[in-house]
Amino acid sequence: MANIELDLPQLDVPQLDVRDGVDRETIETVAAMGAYKYGWATDIEMDYAPKGLSEDIVRLISAKNGEPDWLLDWRLAAYRRWLGMEEPHWAMLTYPKIDYQDQYYYATPRSMAVKPKSLDEVDPKLLATYKKLGIPLKEQALLAGVEAPEGERRVAVDAVFDSVSVGTTFKAELAKAGVIFCSISEAVKEHPDLVRKYLGSVVPPTDNFFATLNSAVFSDGSFVYIPPGTRCPMELSTYFRINAENTGQFERTLIICDRGAYVSYLEGCTAPKRDTHQLHAAVVELVILEDAEVKYSTVQNWYPGDEEGRGGIYNFVTKRADCREARARVMWTQVETGSAITWKYPSCILRGDDSQGEFYSIAIANNAQQADTGTKMIHLGKRTKSRIVSKGISAGRAQNTYRGLVSMHPKATDSRNYTQCDSLLIGDQCGAHTVPYIEVKNTSSRVEHEATTSKVDEDQLFYCRSRGMSEEEAVALVVNGFCREVLQALPMEFAMEAQSLVAISLEGSVG
Amino acid sequence: MLEIKNLHVKLEEEDKQILKGVTLSIGAGEVHAIMGPNGSGKSTLSYVLSGRDGYSVTDGSATLDGADLLAMEPEVRAAQGLFLAFQYPVEIPGVGNMTFLRTALNAQRKTRGEPEISAGDFLKLVREKAKALKIDADMLKRPVNVGFSGGEKKRNEILQMAMLEPKMCILDETDSGLDVDAMKLVSEGVNALRSAGRSFLVITHYQRLLDHIKPDVVHIMAAGRIIKTGGPELALEVENNGYADLLAEVQ
């Protein structure tokens, strides 16, 4: 284990490439894995916009959402800019060229043509879909004025199905606390001032190829506003489901946490098994004002593709939090187990003095999956603090890269960062890579970077088995131990789910 | 209890015969010790019995209460009551000692078709067993064997043994790396577990462990065979004269 303190300006640490092995059986049984639980599709009548991307499609999406002119213009400006941009290829990802004209940009269940006024009016097929996914779209107990049984977690859900939000629960109760939680298309209509003020203020439409594409074609997503001094009375969550074939999902999430407010937000995603790749390019913007705090947790479980790398979601996501004022705090926690390709760097702009950013990540890549994920901590304010804990697990033939930037600007005096980056290898055909970029432009800040690479070794597995655990229990135990610090950062019930997901994702990876 | 007949074992990867016909019979409640010089095959015997990869059995058999041990997966052997206290207990970072114990205990119960132990009962049991081995609450919370001293690791092995209640316990050089006090504590732990239905195979290099854990039978192993079997006095003979005389006697 290396513990290096770096205060050199502009230091780029060279890429580390480690390959190591257990035994052949391990690799063979990796191929036997295939436990994706959410691979079924909902048979439902859909309306599609014509295939491909053009100004007309952008106008159509805007019209479908009944948007004001300023937003249409905003989209069109993004689209025109996007036409001149090139897809980035600096990540350690290999995939065939994406044909942006060969997919649908808008797909909605026909039953959603007229937006349901309440959850009772939502198409039973859609409700059944979420029920099967284990996502409660019900709030009867509450509507009837009955308290939820003690210990039962109440979570408000916004459910996004392909291009549209099908419903949001607990809206009325949240409204009592002054909290706005609705789909972004609804927010554009109901809260135009807030949307107009903050949309694109963290991730501008010009930010990067995928964010610009999203700005042009985003169809729906979630909107949250927590008023000053308010602790959101329950956890909020959005559940994304891609169902339609050959359709990209482009959602946009905007969360504004006003002064002294607090919210914990959860995000989950799944998709059916398909032989073809599907594009998912989302943007998430968090605006955090003075003394406010946002916890944003993701369990990303998009369909990862089969053992040979057929199908699976291409997940190109831009997530960024702006700690805009003093003492703002953000904590990103992600468990990335799905997707054929993951390109995702939830970042923190630590603008306010004494603001804090944390990033906890578990990225699992099995079979032919490729993940290039990490974070950026941009220290602008004085005495800002950041912490990065990244746990990458590679199995099968997967490639898993941590890519991160820690940047201390000249004015960010007396700031601190601590980064811990651990890789775990299962088998001898996978790869773990760590690409940390560190820039320090003042002399009073401190940056620490620790990195380890290890493997699940036969001794650990034999030790567990000699005590009575099956091989799969043993792998799950060892890997969950490896991920412990990150699992502990998740809300409790979510942590349990993530823990079993870790086990499922690696099922059959050792034999 | 444990019947080993004419056991021949070679390394899987290379053509090296390690056990060349080991025959051993341990009755219920008996304590047998195996002593022998380095490289005689003592540890290999413990690994083969518990099912570690990397060895091929070329001849012979091993049964536990009549069941073919060698045909079982390691976890099934454990559920059937076989336990190996490791010479070098393995570290598992991030996994709390309690979590490990509970997972192991419930896994064995599941294999045997028994219900899982409740959290309350488990806690009560582990506290009681830990106390006897002077294992404090802190050590139960720490990750399995990570940062444990040599003595703590061995006490932890005995704690696992006490929790899992096996019927056939193999102790592989449990005395190595222990100071006098730790050895006493470990031995007391083992002695407390001695019962009419539980047998022990104590593998050791030195006689001193056998001062604390009194064996019924002592075997001397050399070059992959048991060359002499006797009572506790055999261990003393080795202590006084070394292995050279015994080896010469056989040759």
# chains A, B, ... in the order shown; residues from 1 in each chain; ligands from 1
call {"tool": "interface_residues", "arguments": {"of": "chain B", "to": "chain A", "cutoff": "7 Å", "atoms": "only C-alpha atoms", "output": "mmCIF file with N, CA, C and O atoms, in the first residue's frame"}}
result
data_model
loop_
_atom_site.group_PDB
_atom_site.id
_atom_site.type_symbol
_atom_site.label_atom_id
_atom_site.label_comp_id
_atom_site.auth_asym_id
_atom_site.auth_seq_id
_atom_site.Cartn_x
_atom_site.Cartn_y
_atom_site.Cartn_z
ATOM 1 N N SER B 50 -9.169 -31.810 4.565
ATOM 2 C CA SER B 50 -10.158 -30.727 4.579
ATOM 3 C C SER B 50 -10.536 -30.266 3.168
ATOM 4 O O SER B 50 -11.441 -29.454 3.005
ATOM 5 N N ARG B 52 -8.475 -29.056 0.369
ATOM 6 C CA ARG B 52 -7.820 -27.976 -0.350
ATOM 7 C C ARG B 52 -7.437 -28.429 -1.757
ATOM 8 O O ARG B 52 -7.095 -29.580 -1.982
ATOM 9 N N PRO B 74 -15.242 -29.063 0.199
ATOM 10 C CA PRO B 74 -14.757 -28.658 1.533
ATOM 11 C C PRO B 74 -15.883 -28.216 2.471
ATOM 12 O O PRO B 74 -15.881 -28.540 3.653
ATOM 13 N N GLU B 75 -16.873 -27.463 1.904
ATOM 14 C CA GLU B 75 -17.930 -26.943 2.769
ATOM 15 C C GLU B 75 -18.833 -28.060 3.290
ATOM 16 O O GLU B 75 -19.392 -27.947 4.383
ATOM 17 N N VAL B 76 -18.935 -29.146 2.515
ATOM 18 C CA VAL B 76 -19.751 -30.273 2.972
ATOM 19 C C VAL B 76 -19.013 -31.013 4.086
ATOM 20 O O VAL B 76 -19.607 -31.415 5.097
ATOM 21 N N ALA B 78 -17.074 -29.661 6.157
ATOM 22 C CA ALA B 78 -17.233 -28.820 7.352
ATOM 23 C C ALA B 78 -18.594 -29.062 7.988
ATOM 24 O O ALA B 78 -18.699 -29.229 9.203
ATOM 25 N N ALA B 79 -19.624 -29.117 7.145
ATOM 26 C CA ALA B 79 -20.984 -29.319 7.672
ATOM 27 C C ALA B 79 -21.122 -30.698 8.308
ATOM 28 O O ALA B 79 -21.917 -30.896 9.218
ATOM 29 N N VAL B 90 -6.094 -17.152 7.630
ATOM 30 C CA VAL B 90 -6.116 -16.228 6.501
ATOM 31 C C VAL B 90 -6.827 -14.923 6.882
ATOM 32 O O VAL B 90 -7.829 -14.936 7.584
ATOM 33 N N ILE B 92 -9.127 -11.693 6.084
ATOM 34 C CA ILE B 92 -10.181 -11.286 5.154
ATOM 35 C C ILE B 92 -10.567 -9.835 5.455
ATOM 36 O O ILE B 92 -11.412 -9.560 6.306
ATOM 37 N N PRO B 93 -9.963 -8.880 4.742
ATOM 38 C CA PRO B 93 -10.195 -7.466 5.041
ATOM 39 C C PRO B 93 -11.660 -7.066 4.873
ATOM 40 O O PRO B 93 -12.335 -7.543 3.951
ATOM 41 N N GLY B 94 -12.125 -6.228 5.767
ATOM 42 C CA GLY B 94 -13.480 -5.667 5.640
ATOM 43 C C GLY B 94 -14.592 -6.573 6.141
ATOM 44 O O GLY B 94 -15.732 -6.135 6.226
ATOM 45 N N VAL B 95 -14.276 -7.829 6.438
ATOM 46 C CA VAL B 95 -15.314 -8.748 6.918
ATOM 47 C C VAL B 95 -15.152 -8.898 8.425
ATOM 48 O O VAL B 95 -14.148 -9.426 8.902
ATOM 49 N N ALA B 104 -20.611 -18.510 8.559
ATOM 50 C CA ALA B 104 -20.129 -19.890 8.553
ATOM 51 C C ALA B 104 -21.117 -20.818 9.271
ATOM 52 O O ALA B 104 -21.500 -21.875 8.753
ATOM 53 N N ALA B 107 -24.261 -21.214 7.277
ATOM 54 C CA ALA B 107 -24.016 -21.992 6.057
ATOM 55 C C ALA B 107 -24.009 -23.474 6.391
ATOM 56 O O ALA B 107 -24.609 -24.294 5.693
ATOM 57 N N GLN B 108 -23.357 -23.827 7.494
ATOM 58 C CA GLN B 108 -23.320 -25.242 7.901
ATOM 59 C C GLN B 108 -24.709 -25.744 8.259
ATOM 60 O O GLN B 108 -25.097 -26.852 7.898
#
call {"tool": "residues_around", "arguments": {"residues": "A:Glu285", "least_positions_apart": "6", "cutoff": "10 Å", "atoms": "only C-alpha atoms", "output": "list in words"}}
result
Tyr198, Leu199, Gly200, Ser201, Val202, Val203, Pro204, Phe223, Arg252, Thr253, Leu254, Ile255, Ile256, Thr318, Lys319, Arg320, Ala321, Asp322, Pro346 and Ser347 of chain A
call {"tool": "atom_distance", "arguments": {"atom1": "atom CA of A:Leu119", "atom2": "atom CA of A:Phe181"}}
result
14.5 Å
call {"tool": "residues_around", "arguments": {"residues": "A:Asn367", "least_positions_apart": "6", "cutoff": "6 Å", "atoms": "only C-alpha atoms", "output": "VMD selection string"}}
result
chain A and resid 307 396 to 398
call {"tool": "residues_around", "arguments": {"residues": "A:Lys115", "least_positions_apart": "3", "cutoff": "12 Å", "atoms": "only C-alpha atoms", "output": "PyMOL selection string"}}
result
chain A and resi 64-66+108-112+118-123+164-167+183+185-186
call {"tool": "write_last_selection", "arguments": {"atoms": "all heavy atoms", "output": "short mmCIF file (atom, residue, chain, number, x, y, z; two decimals), in the first residue's frame"}}
result
data_model
loop_
_atom_site.label_atom_id
_atom_site.label_comp_id
_atom_site.auth_asym_id
_atom_site.auth_seq_id
_atom_site.Cartn_x
_atom_site.Cartn_y
_atom_site.Cartn_z
N LYS A 64 -44.09 17.75 -27.52
CA LYS A 64 -44.75 16.70 -26.72
C LYS A 64 -44.82 17.12 -25.26
O LYS A 64 -45.77 16.80 -24.55
CB LYS A 64 -43.96 15.39 -26.81
CG LYS A 64 -44.11 14.67 -28.12
CD LYS A 64 -45.23 13.64 -28.05
CE LYS A 64 -45.35 12.90 -29.38
NZ LYS A 64 -46.65 12.22 -29.50
N ASN A 65 -43.77 17.79 -24.80
CA ASN A 65 -43.75 18.22 -23.40
C ASN A 65 -44.41 19.58 -23.20
O ASN A 65 -44.41 20.09 -22.07
CB ASN A 65 -42.30 18.26 -22.89
CG ASN A 65 -41.73 16.86 -22.69
OD1 ASN A 65 -42.48 15.90 -22.56
ND2 ASN A 65 -40.42 16.75 -22.67
N GLY A 66 -44.93 20.17 -24.27
CA GLY A 66 -45.60 21.46 -24.17
C GLY A 66 -44.69 22.54 -23.61
O GLY A 66 -45.08 23.30 -22.71
N THR A 108 -42.90 6.50 -25.99
CA THR A 108 -43.76 6.61 -24.82
C THR A 108 -44.92 5.62 -24.92
O THR A 108 -45.43 5.37 -26.01
CB THR A 108 -44.29 8.06 -24.69
OG1 THR A 108 -45.28 8.10 -23.67
CG2 THR A 108 -44.90 8.56 -25.97
N PRO A 109 -45.30 5.05 -23.79
CA PRO A 109 -46.47 4.16 -23.83
C PRO A 109 -47.67 4.96 -24.35
O PRO A 109 -47.87 6.11 -23.96
CB PRO A 109 -46.66 3.77 -22.37
CG PRO A 109 -45.35 4.01 -21.70
CD PRO A 109 -44.72 5.14 -22.44
N ARG A 110 -48.45 4.31 -25.24
CA ARG A 110 -49.61 5.01 -25.82
C ARG A 110 -50.55 5.51 -24.73
O ARG A 110 -51.13 6.58 -24.84
CB ARG A 110 -50.33 4.06 -26.78
CG ARG A 110 -51.45 4.71 -27.55
CD ARG A 110 -51.74 3.99 -28.85
NE ARG A 110 -50.64 4.12 -29.79
CZ ARG A 110 -50.52 3.36 -30.90
NH1 ARG A 110 -51.40 2.42 -31.15
NH2 ARG A 110 -49.52 3.54 -31.71
N SER A 111 -50.63 4.72 -23.67
CA SER A 111 -51.55 5.09 -22.57
C SER A 111 -51.10 6.37 -21.85
O SER A 111 -51.83 6.91 -21.05
CB SER A 111 -51.63 3.95 -21.56
OG SER A 111 -50.34 3.62 -21.09
N MET A 112 -49.87 6.83 -22.16
CA MET A 112 -49.40 8.04 -21.51
C MET A 112 -49.62 9.28 -22.40
O MET A 112 -49.18 10.38 -22.05
CB MET A 112 -47.90 7.92 -21.18
CG MET A 112 -47.57 6.90 -20.11
SD MET A 112 -48.22 7.32 -18.47
CE MET A 112 -47.31 8.83 -18.14
N SER A 118 -53.50 11.30 -11.77
CA SER A 118 -53.04 10.72 -10.51
C SER A 118 -52.57 9.30 -10.78
O SER A 118 -52.76 8.77 -11.88
CB SER A 118 -54.18 10.70 -9.49
OG SER A 118 -55.10 9.69 -9.85
N LEU A 119 -51.97 8.69 -9.77
CA LEU A 119 -51.45 7.34 -9.94
C LEU A 119 -52.56 6.34 -10.26
O LEU A 119 -52.32 5.35 -10.94
CB LEU A 119 -50.72 6.91 -8.66
CG LEU A 119 -49.37 7.59 -8.46
CD1 LEU A 119 -48.87 7.34 -7.05
CD2 LEU A 119 -48.35 7.09 -9.47
N ASP A 120 -53.77 6.63 -9.78
CA ASP A 120 -54.89 5.71 -10.04
C ASP A 120 -55.20 5.59 -11.52
O ASP A 120 -55.76 4.60 -11.98
CB ASP A 120 -56.15 6.19 -9.31
CG ASP A 120 -55.92 6.27 -7.81
OD1 ASP A 120 -54.99 5.58 -7.34
OD2 ASP A 120 -56.65 7.02 -7.14
N GLU A 121 -54.85 6.64 -12.27
CA GLU A 121 -55.18 6.63 -13.69
C GLU A 121 -54.07 6.02 -14.55
O GLU A 121 -54.22 5.89 -15.75
CB GLU A 121 -55.44 8.07 -14.16
CG GLU A 121 -56.69 8.67 -13.54
CD GLU A 121 -56.89 10.12 -13.97
OE1 GLU A 121 -56.28 10.55 -14.96
OE2 GLU A 121 -57.67 10.81 -13.29
N VAL A 122 -52.95 5.69 -13.91
CA VAL A 122 -51.83 5.14 -14.69
C VAL A 122 -52.18 3.73 -15.18
O VAL A 122 -52.81 2.95 -14.48
CB VAL A 122 -50.54 5.12 -13.82
CG1 VAL A 122 -49.42 4.36 -14.51
CG2 VAL A 122 -50.11 6.54 -13.49
N ASP A 123 -51.78 3.46 -16.42
CA ASP A 123 -51.97 2.16 -17.07
C ASP A 123 -51.56 1.02 -16.13
O ASP A 123 -50.42 0.98 -15.66
CB ASP A 123 -51.08 2.16 -18.32
CG ASP A 123 -51.29 0.92 -19.18
OD1 ASP A 123 -51.84 -0.07 -18.66
OD2 ASP A 123 -50.90 0.96 -20.36
N VAL A 164 -40.75 8.90 -20.70
CA VAL A 164 -41.65 9.72 -19.88
C VAL A 164 -41.71 9.29 -18.42
O VAL A 164 -41.48 8.13 -18.09
CB VAL A 164 -43.10 9.69 -20.44
CG1 VAL A 164 -43.17 10.42 -21.76
CG2 VAL A 164 -43.61 8.27 -20.55
N SER A 165 -42.06 10.23 -17.59
CA SER A 165 -42.33 9.94 -16.19
C SER A 165 -43.76 9.47 -16.08
O SER A 165 -44.67 10.16 -16.54
CB SER A 165 -42.12 11.21 -15.35
OG SER A 165 -42.69 11.03 -14.08
N VAL A 166 -43.98 8.29 -15.51
CA VAL A 166 -45.35 7.78 -15.44
C VAL A 166 -46.05 8.18 -14.15
O VAL A 166 -47.27 8.10 -14.06
CB VAL A 166 -45.43 6.24 -15.61
CG1 VAL A 166 -44.84 5.82 -16.95
CG2 VAL A 166 -44.72 5.52 -14.48
N GLY A 167 -45.31 8.60 -13.18
CA GLY A 167 -45.98 9.01 -11.95
C GLY A 167 -45.00 9.29 -10.84
O GLY A 167 -43.86 8.80 -10.86
N SER A 183 -41.86 15.33 -12.13
CA SER A 183 -41.05 15.10 -13.32
C SER A 183 -40.59 16.46 -13.83
O SER A 183 -41.21 17.49 -13.56
CB SER A 183 -41.87 14.38 -14.39
OG SER A 183 -42.84 15.27 -14.90
N SER A 185 -40.57 17.54 -16.82
CA SER A 185 -41.49 18.13 -17.81
C SER A 185 -42.61 18.89 -17.10
O SER A 185 -43.06 19.94 -17.55
CB SER A 185 -42.06 17.04 -18.72
OG SER A 185 -42.65 16.01 -17.95
N GLU A 186 -43.02 18.35 -15.96
CA GLU A 186 -44.04 19.01 -15.18
C GLU A 186 -43.48 20.29 -14.53
O GLU A 186 -44.16 21.33 -14.48
CB GLU A 186 -44.49 18.04 -14.09
CG GLU A 186 -45.85 18.29 -13.54
CD GLU A 186 -46.17 17.21 -12.50
OE1 GLU A 186 -45.80 16.04 -12.70
OE2 GLU A 186 -46.79 17.57 -11.49
#
call {"tool": "select_by_dssp", "arguments": {"residues": "stretch 9-249 of chain B", "states": "helix (DSSP H, G or I)", "output": "ChimeraX atom specification"}}
result
/B:42-50,69-71,74-79,97-111,119-132,137-141,150-164,180-193,208-212,233-241,244-249
call {"tool": "select_by_dssp", "arguments": {"residues": "stretch 290-337 of chain A", "states": "strand (DSSP E)", "output": "number ranges by chain"}}
result
A: 293-300, 312-323, 329-336
call {"tool": "residues_around", "arguments": {"residues": "B:Met168", "least_positions_apart": "6", "cutoff": "8 Å", "atoms": "only C-alpha atoms", "output": "ChimeraX atom specification"}}
result
/B:1-2,81-83,198-201
call {"tool": "atom_distance", "arguments": {"atom1": "atom CA of B:Leu105", "atom2": "atom CA of B:Gln160"}}
result
9.1 Å
call {"tool": "closest_residue", "arguments": {"among": "B:Leu209, B:Val217, B:Val48, B:Ala182", "to": "B:Leu234", "atoms": "only C-alpha atoms"}}
result
B:Val217
call {"tool": "residues_around", "arguments": {"residues": "A:Glu245", "least_positions_apart": "2", "cutoff": "8 Å", "atoms": "only C-alpha atoms", "output": "PyMOL selection string"}}
result
chain A and resi 243+247+274+278
call {"tool": "closest_residue", "arguments": {"among": "B:Lys110, B:His32, B:Lys124, B:Lys10", "to": "B:Leu210", "atoms": "only C-alpha atoms"}}
result
B:His32
call {"tool": "residues_around", "arguments": {"residues": "B:Asp59", "least_positions_apart": "2", "cutoff": "10 Å", "atoms": "only C-alpha atoms", "output": "list in words"}}
result
Lys5, Asn6, Leu7, His8, Val9, Lys10, Leu19, Lys20, Gly21, Ser56, Val57 and Ser61 of chain B
call {"tool": "write_last_selection", "arguments": {"atoms": "N, CA and C atoms", "output": "PDB file, in the first residue's frame"}}
result
ATOM      1  N   LYS B   5      -7.056 -44.907   5.162  1.00  0.00           N
ATOM      2  CA  LYS B   5      -6.451 -46.183   4.773  1.00  0.00           C
ATOM      3  C   LYS B   5      -5.535 -46.020   3.570  1.00  0.00           C
ATOM      4  N   ASN B   6      -4.300 -46.365   3.760  1.00  0.00           N
ATOM      5  CA  ASN B   6      -3.323 -46.439   2.668  1.00  0.00           C
ATOM      6  C   ASN B   6      -3.357 -45.204   1.758  1.00  0.00           C
ATOM      7  N   LEU B   7      -3.436 -44.035   2.347  1.00  0.00           N
ATOM      8  CA  LEU B   7      -3.620 -42.806   1.579  1.00  0.00           C
ATOM      9  C   LEU B   7      -2.342 -42.383   0.845  1.00  0.00           C
ATOM     10  N   HIS B   8      -2.478 -42.312  -0.476  1.00  0.00           N
ATOM     11  CA  HIS B   8      -1.369 -41.861  -1.326  1.00  0.00           C
ATOM     12  C   HIS B   8      -1.768 -40.531  -1.964  1.00  0.00           C
ATOM     13  N   VAL B   9      -0.937 -39.525  -1.819  1.00  0.00           N
ATOM     14  CA  VAL B   9      -1.266 -38.200  -2.360  1.00  0.00           C
ATOM     15  C   VAL B   9      -0.048 -37.626  -3.068  1.00  0.00           C
ATOM     16  N   LYS B  10      -0.326 -37.038  -4.258  1.00  0.00           N
ATOM     17  CA  LYS B  10       0.748 -36.318  -4.946  1.00  0.00           C
ATOM     18  C   LYS B  10       0.298 -34.891  -5.235  1.00  0.00           C
ATOM     19  N   LEU B  19       2.313 -38.098   0.226  1.00  0.00           N
ATOM     20  CA  LEU B  19       1.894 -39.141   1.169  1.00  0.00           C
ATOM     21  C   LEU B  19       2.008 -40.484   0.463  1.00  0.00           C
ATOM     22  N   LYS B  20       2.658 -41.417   1.145  1.00  0.00           N
ATOM     23  CA  LYS B  20       2.952 -42.704   0.485  1.00  0.00           C
ATOM     24  C   LYS B  20       2.344 -43.867   1.254  1.00  0.00           C
ATOM     25  N   GLY B  21       1.048 -43.756   1.538  1.00  0.00           N
ATOM     26  CA  GLY B  21       0.395 -44.862   2.228  1.00  0.00           C
ATOM     27  C   GLY B  21       0.217 -44.603   3.716  1.00  0.00           C
ATOM     28  N   SER B  56      -3.657 -34.473  -5.614  1.00  0.00           N
ATOM     29  CA  SER B  56      -4.438 -35.596  -6.148  1.00  0.00           C
ATOM     30  C   SER B  56      -4.214 -36.813  -5.275  1.00  0.00           C
ATOM     31  N   VAL B  57      -5.330 -37.460  -4.965  1.00  0.00           N
ATOM     32  CA  VAL B  57      -5.252 -38.712  -4.209  1.00  0.00           C
ATOM     33  C   VAL B  57      -5.078 -39.824  -5.238  1.00  0.00           C
ATOM     34  N   SER B  61      -8.064 -44.265   0.944  1.00  0.00           N
ATOM     35  CA  SER B  61      -9.352 -43.650   1.252  1.00  0.00           C
ATOM     36  C   SER B  61      -9.319 -42.930   2.596  1.00  0.00           C
TER      37      SER B  61
END
call {"tool": "closest_residue", "arguments": {"among": "A:Val447, A:Ala49, A:Ile98, A:Leu425", "to": "A:Ile388", "atoms": "only C-alpha atoms"}}
result
A:Val447
call {"tool": "atom_distance", "arguments": {"atom1": "atom CA of B:Gln17", "atom2": "atom CA of B:Asp53"}}
result
15.4 Å
call {"tool": "decode", "arguments": {"residues": "stretch 176-182 of chain A", "atoms": "all heavy atoms", "output": "short mmCIF file (atom, residue, chain, number, x, y, z; two decimals), in the first residue's frame"}}
result
data_model
loop_
_atom_site.label_atom_id
_atom_site.label_comp_id
_atom_site.auth_asym_id
_atom_site.auth_seq_id
_atom_site.Cartn_x
_atom_site.Cartn_y
_atom_site.Cartn_z
N LYS A 176 -46.64 19.68 1.40
CA LYS A 176 -46.93 20.26 2.72
C LYS A 176 -45.66 20.79 3.37
O LYS A 176 -45.68 21.78 4.10
CB LYS A 176 -47.55 19.20 3.64
CG LYS A 176 -49.05 19.13 3.53
CD LYS A 176 -49.61 18.20 4.61
CE LYS A 176 -50.59 17.22 3.99
NZ LYS A 176 -50.74 15.99 4.78
N ALA A 177 -44.54 20.08 3.13
CA ALA A 177 -43.27 20.53 3.69
C ALA A 177 -42.59 21.57 2.79
O ALA A 177 -41.49 22.02 3.09
CB ALA A 177 -42.35 19.33 3.89
N GLY A 178 -43.27 21.89 1.69
CA GLY A 178 -42.70 22.87 0.76
C GLY A 178 -41.77 22.25 -0.26
O GLY A 178 -41.16 22.94 -1.08
N VAL A 179 -41.65 20.91 -0.21
CA VAL A 179 -40.74 20.22 -1.13
C VAL A 179 -41.44 20.00 -2.47
O VAL A 179 -42.59 19.55 -2.52
CB VAL A 179 -40.31 18.86 -0.53
CG1 VAL A 179 -39.54 18.03 -1.55
CG2 VAL A 179 -39.50 19.07 0.73
N ILE A 180 -40.76 20.34 -3.54
CA ILE A 180 -41.30 20.06 -4.87
C ILE A 180 -40.61 18.81 -5.39
O ILE A 180 -39.38 18.76 -5.44
CB ILE A 180 -41.05 21.23 -5.84
CG1 ILE A 180 -41.65 22.53 -5.28
CG2 ILE A 180 -41.63 20.91 -7.22
CD1 ILE A 180 -41.21 23.77 -6.05
N PHE A 181 -41.39 17.80 -5.74
CA PHE A 181 -40.83 16.59 -6.32
C PHE A 181 -41.75 16.17 -7.46
O PHE A 181 -42.90 15.81 -7.22
CB PHE A 181 -40.71 15.49 -5.26
CG PHE A 181 -40.13 14.19 -5.77
CD1 PHE A 181 -39.02 14.20 -6.62
CD2 PHE A 181 -40.67 12.97 -5.40
CE1 PHE A 181 -38.46 13.01 -7.09
CE2 PHE A 181 -40.12 11.77 -5.86
CZ PHE A 181 -39.01 11.79 -6.70
N CYS A 182 -41.29 16.32 -8.68
CA CYS A 182 -42.13 15.98 -9.82
C CYS A 182 -41.23 15.68 -11.01
O CYS A 182 -40.01 15.76 -10.91
CB CYS A 182 -43.08 17.12 -10.15
SG CYS A 182 -42.27 18.67 -10.59
#
